[in-house]
Amino acid sequence: MKKIAIALAAGLGLAVAADAQAQGNYPQRPITMVVPFAAGGPTDVIARIVGEHMSHTLGQQIVVENVAGAGGTTGITRASQAQPDGYTIMMGHMGTHGAAPALYPNLKYDPAKDFAPVGLAAGTPILIVARKDFPANDLKGFVEYMKTNGDKVNMAHAGVGSVSHMTGIFFNSVIKAKPTMVSYSGTGPALNDLMGNTVDFMTDQIVNVAPQIQGGNIKAFAIATPVRSPVLPNVPTTKEAGLDGYEVSAWNAVFAPKGTSPEIVKKLNDALVKALADENTKKRLLDLGGVIPSDAERSPEALQKLVETEVARWTPVLKAAGTKAQ
Amino acid sequence: MNELISNLSLGFGVAASMQNLGLAFMGCLVGTLIGVLPGVGPIATIAMLLPITFGLDPVGALIMLAGIYYGAQYGGSTTAILVNIPGEATSVVTTLDGHQMARQGRAGVALGIAAIGSFFAGTVATVIIAALGAPLTKLALIFGPAEYFSLMVMGLVFAVVLARGSILKAVSMIFLGVLLSTVGTDLETGQERMTFGLQFLTDGIDFAVLAMGVFGVAEILRNLENTETRDVVRQAIGRLLPNRDDFRQAGPSVVRGTFIGAILGILPGNGAVLGPFASYTIEKKIAKDPSRFGRGAIEGVAGPESANNAGAQTSFIPLLTLGIPPNAVMALMVGAMTIHGIVPGPQVMTRNPDLFWGMIASMWIGNLMLLIINLPMVGMWVRLLKVPYHLMFPAILMFCCIGIYSINSLPTDVMFIGVFGLLGYLLIKFGFEPAPLLLGFVLGKLLEENLRRALILSRGSLETFIDRPVSAGLLLVAIVLLALALLPSIRKGRDEVFTE
Amino acid sequence: MSQERVRERRGLVRSSQNLAAGLFLVFIAALALWLTGDLPQGRLGAMGPGMLPDWLAYAVGLCGLALAGSGLLKEGDSLEAWGLRGPFFVILAVVAFAVTIRPFSLGPLVIPGLGMIVAGPLAIVIGGYATSEAQFRPLLVLALGLTPFCMVLFGDLLNLPIPIFPQALADLLPATWSQKAILRLLAALMVLAAAAMHLSDRGRKSRKIDVVRQPEEI
């Protein structure tokens, strides 16, 4: 027994020696990336795809930790309070760093002030989709229909504070309609009822709805981006379909806690930019229907600006709709 | 038919490659392990193992992840039987008779029948998916909020039948369970309910935390008052595997459980959780002597375990044919597929036939492996029962703490198993049973969501539940079941009155 | 139940268990009603967040009243004795684990994250004292033996993001050592300690075992 134990200890010693090679300064140990949503969702998938390539560049594993809850604010709150040593970073998104101040009056962080922005990762465009036998066939017809029958129409969304909820409220404010809102716990059940003709329409991220559009289970009126998506080349943009003022995509970006040293932020940003330049990573993001930020959008400064404009954009929209979570 | 055979042979061709067999085995082994560990669920594990699958081809990766999922279902029943802790909502029922069997020295028989029943269920479910997967998808689309609400009402009636003692106490526990499920942020309005202003309650109470508390910790507290010292040798172990009599008794239950579980598994929104409860209810209703249930009836283990496994498997149908995940684990599988560049949806079957049929074939292979892994381990598990209780329970306690922590990385979750442990202890002292509470809790969220959704869609008219035929049918079944459950006790009550 | 025992209990309360259970439910219902008091009820077409919880609270309360009533009118079990030692130590163990696994602060109290290497043994040893037969040494051996098993299982093999050891410890060691290497080394040391203690205790081992007594009705 003792002999085995000694052998074991010796083996471990060797392992220690082997692991103890070739490490520079930062990072010296695995980096935790807090994803404030359940594993498997769009933000999580993007975090994992980008994180994998960043791990190669940094020479240390980026471990994704899913801390879901309260529209993503639970995870972001925790990560924002972590040691600013570069070993805890997070994947924030449109909700946690744009809409949250309007939705959560008791929010424990300020998206514009309590973070060291690292860089924009990828965005997923929003689509306006409806059940397949909905009376209207294009966005114009739909907006017309909403004007006369608005109160009969049921709009689904994936829960208070979700991307589909916020973009839905935004859409309604743009076309000045008041459909009945039906909330679901997540995109899956909402899509299920959209396909089963129980609800009429919703707005959601391309990753979630593209397969159902391609499969002919639901129809798409428009994509809320300036250009069409290569994944759905037949779906017109909102502008092409005749609707101005509704361009929105759910962006995801890497943040570090406030006080993280500029050198570490630079290292992380370099790794992120490198990941976005990598053909394989790029292809995987594009396959999802993702939008890759332009070079100008990739810097920490650009992200800081984005956060500020997003907070300013969402706050009045959500406040006007009287939406809040406590 | 020919098409089915060619499809299946394509599938087996993919799944039986050396690499994929190895991955299926790995998945099943890891799954069994995490299933046995109380609290550690497949969700946390699959999420952590996702990066490892990056290097694999998508089919192999998904085969391994699916193996973890059904391996965990298998392993979960082991913990339920041996130490009375249900790791998943679906193994709550297994604790009722499974743990009683273990206490009577029939742990080996219970584990054996669970494994064999699950294998049978897995085999049938694989054939069902392969043959009827696509047409059955329509079933998922028929179920709107009204149907779902009625289904949940029926599920709550099951809980009344499942109770052993006083019906009034069972009903109170169901209401209390549903009440607990309403704690947290309101889905429609985002307002907080009954959270005492505590941040960690905003997302409601986690099932695992509640189950670990009212079953795991409360069970420890109760056992601490009932321990006695005995000679090691005298502790009976009993037979390790079921014999012919056991099979004769459990066989029909396995078949019934399989079909009930398979049908409920297809429903969106986690209909699979109802499977074991429904199966148990039916077994108890048609048994010659229902009083055996809750005291170690083998049918009460065989039926629900088969239903559980069949449901676990058929819940892949909405994922594979529609791309819509019916529960959290399946949502994770969606993520795994997208990471590997396959966006799940109705086109998977035609675009990636090797993935689609390979996964279906691997389900059967996985079930076979689980049987091979688990049957020899029965002996080992049973021997664990020989560990003196004063060493056993601190170990269980630590595993519960680690397991719960691993779910959300929240220390408050760990503290809450203590709080719910006290609650469970209190309930035991008051003569309540925890199983109806848990069922009420599991179904409560779905019940409220769908009730409110259905009423929003009907603009407040309650007739929607009767106007829709499927919903009306389910409500009718619920009423009949309730009447059947209540009649004997009403009659008995009258008899008692007369004798006085 | 025999006739004599039934007669013995004829008082105002026929079943103290049911009475207490009923009152407990009434208390829970009242608590829930108080907590949901300021939530909007809404109407059927748009149910507010308070509507269903209120209905449920009334249902629980009614069940409670019925149970309490039956406790006064019908014969039934009486309340069993309560254990205090068990709940106290078990809860203490759970809390000890929760506050040491990761950094914890409550007002002026700040505990650095100590990880599983401290939290695990704390839970086992404190929890172990829930029974009056608790002995320190066997519990320590168990803690030293099981914790490294869990460290390797959860931290190394399953790769779950659970803090394993205090970060301060890693800072003491050469910066070139990886986390996993430290984990394995610590685990090996703990196993060795457990094995040494176990071997030295061997002579004192008794052949007795305690098991959970079977419920009487079986």
# chains A, B, ... in the order shown; residues from 1 in each chain; ligands from 1
call {"tool": "select_by_dssp", "arguments": {"residues": "region 12-127 of chain A", "states": "strand (DSSP E)", "output": "VMD selection string"}}
result
chain A and resid 31 to 35 62 to 66 88 to 93 115 to 127
call {"tool": "residues_around", "arguments": {"residues": "region 76-89 of chain C", "least_positions_apart": "3", "cutoff": "8 Å", "atoms": "only C-alpha atoms", "output": "NGL selection string"}}
result
(:B and (221 or 224-225 or 422 or 429-430)) or (:C and (14-18 or 20 or 71 or 92-93 or 126-131))
call {"tool": "residues_around", "arguments": {"residues": "region 125-138 of chain A", "least_positions_apart": "3", "cutoff": "6 Å", "atoms": "only C-alpha atoms", "output": "list of chain:residue names"}}
result
A:Gly141, A:Phe142, A:Leu194, A:Met195, A:Asn197, A:Asp200, A:Phe201, A:Met202, A:Thr203, A:Asp204, A:Gln205, A:Ile206, A:Ile218, A:Lys219, A:Ala220, A:Phe221, A:Ala222, A:Ile223, A:Ala224, A:Ser249
call {"tool": "closest_atom_pairs", "arguments": {"of": "chain B", "to": "chain A", "cutoff": "7 Å", "atoms": "only C-alpha atoms", "output": "Markdown table"}}
result
| residue | atom | partner | partner_atom | distance |
| --- | --- | --- | --- | --- |
| B:Ala47 | CA | A:Ala39 | CA | 6.1 |
| B:Leu141 | CA | A:Gly196 | CA | 4.7 |
| B:Ile142 | CA | A:Gly196 | CA | 6.5 |
| B:Gly144 | CA | A:Asp193 | CA | 6.4 |
| B:Leu187 | CA | A:Gly159 | CA | 6.0 |
| B:Glu188 | CA | A:Ser183 | CA | 5.8 |
| B:Thr189 | CA | A:Val160 | CA | 6.8 |
| B:Gly190 | CA | A:Ala325 | CA | 4.3 |
| B:Gln191 | CA | A:Ala325 | CA | 5.4 |
| B:Glu192 | CA | A:Gln326 | CA | 6.2 |
| B:Thr202 | CA | A:Ala70 | CA | 6.7 |
| B:Asp203 | CA | A:Gly69 | CA | 6.0 |
| B:Gly269 | CA | A:Pro189 | CA | 6.6 |
| B:Ile324 | CA | A:Gly188 | CA | 5.4 |
| B:Pro325 | CA | A:Gly188 | CA | 6.1 |
| B:Ala331 | CA | A:Gly40 | CA | 5.9 |
| B:Leu332 | CA | A:Gly40 | CA | 4.3 |
| B:Met333 | CA | A:Gly40 | CA | 6.9 |
| B:Val334 | CA | A:Gly40 | CA | 6.2 |
| B:Gly335 | CA | A:Gly40 | CA | 3.6 |
| B:Ala336 | CA | A:Gly40 | CA | 6.6 |
| B:Ile339 | CA | A:Val45 | CA | 6.0 |
| B:Gly341 | CA | A:Arg284 | CA | 6.2 |
| B:Val343 | CA | A:Pro211 | CA | 6.8 |
| B:Pro344 | CA | A:Pro211 | CA | 6.9 |
| B:Gly345 | CA | A:Pro211 | CA | 5.0 |
| B:Pro346 | CA | A:Gly215 | CA | 5.7 |
| B:Gln347 | CA | A:Gly215 | CA | 6.2 |
| B:Asn408 | CA | A:Val67 | CA | 6.1 |
| B:Arg453 | CA | A:Val182 | CA | 6.3 |
call {"tool": "interface_residues", "arguments": {"of": "chain C", "to": "chain A", "cutoff": "9 Å", "atoms": "only C-alpha atoms", "output": "ChimeraX atom specification"}}
result
/C:160-161,174-182,184-185,188-189,191-192,195-196
call {"tool": "write_last_selection", "arguments": {"atoms": "C-alpha atoms", "output": "PDB file, in the first residue's frame"}}
result
ATOM      1  CA  LEU C 160     -15.900  21.350 -13.199  1.00  0.00           C
ATOM      2  CA  PRO C 161     -15.202  24.962 -12.207  1.00  0.00           C
ATOM      3  CA  PRO C 174       6.689  28.283  -7.808  1.00  0.00           C
ATOM      4  CA  ALA C 175       4.735  30.226 -10.391  1.00  0.00           C
ATOM      5  CA  THR C 176       5.549  27.677 -13.038  1.00  0.00           C
ATOM      6  CA  TRP C 177       3.470  24.929 -11.409  1.00  0.00           C
ATOM      7  CA  SER C 178       0.160  24.472 -13.101  1.00  0.00           C
ATOM      8  CA  GLN C 179      -3.138  24.334 -11.194  1.00  0.00           C
ATOM      9  CA  LYS C 180      -3.702  20.717 -12.070  1.00  0.00           C
ATOM     10  CA  ALA C 181      -0.240  19.734 -10.884  1.00  0.00           C
ATOM     11  CA  ILE C 182      -0.805  21.385  -7.510  1.00  0.00           C
ATOM     12  CA  ARG C 184      -2.688  16.254  -7.898  1.00  0.00           C
ATOM     13  CA  LEU C 185       0.151  16.832  -5.482  1.00  0.00           C
ATOM     14  CA  ALA C 188      -1.610  12.581  -3.134  1.00  0.00           C
ATOM     15  CA  LEU C 189      -0.428  14.113   0.136  1.00  0.00           C
ATOM     16  CA  VAL C 191      -4.283  10.242   0.599  1.00  0.00           C
ATOM     17  CA  LEU C 192      -0.939   9.447   2.182  1.00  0.00           C
ATOM     18  CA  ALA C 195      -3.548   5.926   4.764  1.00  0.00           C
ATOM     19  CA  ALA C 196      -1.004   6.500   7.530  1.00  0.00           C
TER      20      ALA C 196
END
call {"tool": "select_by_dssp", "arguments": {"residues": "region 429-459 of chain B", "states": "helix (DSSP H, G or I)", "output": "list in words"}}
result
Lys429, Pro434, Ala435, Pro436, Leu437, Leu438, Leu439, Gly440, Phe441, Val442, Leu443, Gly444, Lys445, Leu446, Leu447, Glu448, Glu449, Asn450, Leu451, Arg452, Arg453, Ala454, Leu455, Ile456 and Leu457 of chain B
call {"tool": "write_last_selection", "arguments": {"atoms": "N, CA, C and O atoms", "output": "compact mmCIF listing (two decimals), in the first residue's frame"}}
result
# COMPACT_ATOMS: atom_id res chain seq x y z
N LYS B 429 -41.87 14.92 10.44
CA LYS B 429 -42.41 14.88 11.80
C LYS B 429 -43.92 15.12 11.79
O LYS B 429 -44.64 14.61 12.64
N PRO B 434 -42.72 13.64 1.19
CA PRO B 434 -42.09 14.64 0.32
C PRO B 434 -42.36 14.45 -1.17
O PRO B 434 -42.26 15.41 -1.93
N ALA B 435 -42.71 13.24 -1.63
CA ALA B 435 -42.84 13.02 -3.07
C ALA B 435 -43.91 13.90 -3.73
O ALA B 435 -43.64 14.52 -4.76
N PRO B 436 -45.13 13.99 -3.16
CA PRO B 436 -46.12 14.87 -3.79
C PRO B 436 -45.66 16.33 -3.82
O PRO B 436 -45.95 17.05 -4.78
N LEU B 437 -44.93 16.75 -2.81
CA LEU B 437 -44.40 18.11 -2.78
C LEU B 437 -43.51 18.35 -3.99
O LEU B 437 -43.61 19.34 -4.70
N LEU B 438 -42.61 17.39 -4.23
CA LEU B 438 -41.69 17.55 -5.35
C LEU B 438 -42.42 17.53 -6.69
O LEU B 438 -42.10 18.29 -7.59
N LEU B 439 -43.41 16.66 -6.80
CA LEU B 439 -44.14 16.60 -8.07
C LEU B 439 -44.87 17.92 -8.30
O LEU B 439 -44.85 18.49 -9.39
N GLY B 440 -45.51 18.43 -7.25
CA GLY B 440 -46.19 19.71 -7.36
C GLY B 440 -45.21 20.79 -7.78
O GLY B 440 -45.51 21.63 -8.63
N PHE B 441 -44.02 20.75 -7.20
CA PHE B 441 -43.01 21.75 -7.53
C PHE B 441 -42.59 21.66 -9.00
O PHE B 441 -42.50 22.65 -9.70
N VAL B 442 -42.31 20.43 -9.44
CA VAL B 442 -41.85 20.24 -10.82
C VAL B 442 -42.91 20.70 -11.82
O VAL B 442 -42.61 21.37 -12.80
N LEU B 443 -44.16 20.31 -11.55
CA LEU B 443 -45.21 20.64 -12.50
C LEU B 443 -45.72 22.07 -12.33
O LEU B 443 -46.31 22.63 -13.24
N GLY B 444 -45.48 22.64 -11.15
CA GLY B 444 -46.06 23.94 -10.83
C GLY B 444 -45.68 25.04 -11.82
O GLY B 444 -46.53 25.78 -12.29
N LYS B 445 -44.38 25.12 -12.13
CA LYS B 445 -43.94 26.18 -13.04
C LYS B 445 -44.64 26.06 -14.38
O LYS B 445 -45.15 27.04 -14.91
N LEU B 446 -44.65 24.83 -14.92
CA LEU B 446 -45.29 24.62 -16.22
C LEU B 446 -46.78 24.90 -16.13
O LEU B 446 -47.39 25.45 -17.05
N LEU B 447 -47.35 24.51 -14.99
CA LEU B 447 -48.79 24.71 -14.79
C LEU B 447 -49.12 26.19 -14.86
O LEU B 447 -50.00 26.61 -15.61
N GLU B 448 -48.41 27.01 -14.11
CA GLU B 448 -48.74 28.43 -14.07
C GLU B 448 -48.47 29.10 -15.42
O GLU B 448 -49.32 29.79 -15.96
N GLU B 449 -47.29 28.83 -15.98
CA GLU B 449 -46.96 29.43 -17.27
C GLU B 449 -48.03 29.15 -18.29
O GLU B 449 -48.48 30.05 -19.00
N ASN B 450 -48.43 27.88 -18.39
CA ASN B 450 -49.35 27.52 -19.44
C ASN B 450 -50.77 27.99 -19.16
O ASN B 450 -51.50 28.34 -20.08
N LEU B 451 -51.14 28.01 -17.87
CA LEU B 451 -52.46 28.55 -17.52
C LEU B 451 -52.55 30.01 -17.96
O LEU B 451 -53.50 30.42 -18.63
N ARG B 452 -51.53 30.78 -17.61
CA ARG B 452 -51.59 32.20 -17.93
C ARG B 452 -51.50 32.44 -19.42
O ARG B 452 -52.19 33.29 -19.98
N ARG B 453 -50.66 31.64 -20.08
CA ARG B 453 -50.51 31.77 -21.51
C ARG B 453 -51.83 31.45 -22.21
O ARG B 453 -52.28 32.17 -23.09
N ALA B 454 -52.44 30.33 -21.79
CA ALA B 454 -53.69 29.92 -22.42
C ALA B 454 -54.76 30.99 -22.22
O ALA B 454 -55.52 31.29 -23.14
N LEU B 455 -54.80 31.59 -21.02
CA LEU B 455 -55.83 32.60 -20.76
C LEU B 455 -55.54 33.89 -21.49
O LEU B 455 -56.47 34.59 -21.90
N ILE B 456 -54.28 34.22 -21.68
CA ILE B 456 -53.96 35.41 -22.47
C ILE B 456 -54.43 35.20 -23.90
O ILE B 456 -55.06 36.05 -24.50
N LEU B 457 -54.15 34.00 -24.42
CA LEU B 457 -54.51 33.72 -25.81
C LEU B 457 -56.02 33.66 -25.99
O LEU B 457 -56.54 34.03 -27.03
call {"tool": "atom_distance", "arguments": {"atom1": "CA of Val301 (chain B)", "atom2": "CA of Phe393 (chain B)"}}
result
24.2 Å
call {"tool": "residues_around", "arguments": {"residues": "Thr100 (chain C)", "least_positions_apart": "3", "cutoff": "9 Å", "atoms": "only C-alpha atoms", "output": "ChimeraX atom specification"}}
result
/B:411 /C:95-97,103-104,111-116,118-119,122
call {"tool": "closest_residue", "arguments": {"among": "B:Ala16, B:Val414, B:Met26, B:Leu56", "to": "chain C", "atoms": "only C-alpha atoms"}}
result
B:Val414
call {"tool": "closest_residue", "arguments": {"among": "C:Gly45, C:Gly37, C:Gly61, C:Pro138", "to": "chain B", "atoms": "only C-alpha atoms"}}
result
C:Gly45
call {"tool": "residues_around", "arguments": {"residues": "Glu283 (chain B)", "least_positions_apart": "5", "cutoff": "7 Å", "atoms": "only C-alpha atoms", "output": "CSV table (one decimal) with C-alpha atoms, in the first residue's frame"}}
result
chain,number,residue,atom,x,y,z
B,253,SER,CA,-44.9,-3.2,-15.8
B,299,GLU,CA,-43.5,-3.1,-10.1
B,300,GLY,CA,-43.1,0.3,-8.5
call {"tool": "residues_around", "arguments": {"residues": "Asn309 (chain B)", "least_positions_apart": "2", "cutoff": "10 Å", "atoms": "only C-alpha atoms", "output": "VMD selection string"}}
result
chain B and resid 70 to 71 73 to 74 90 114 to 115 117 to 123 125 257 to 258 261 to 262 265 272 275 to 276 304 to 307 311 to 315 367
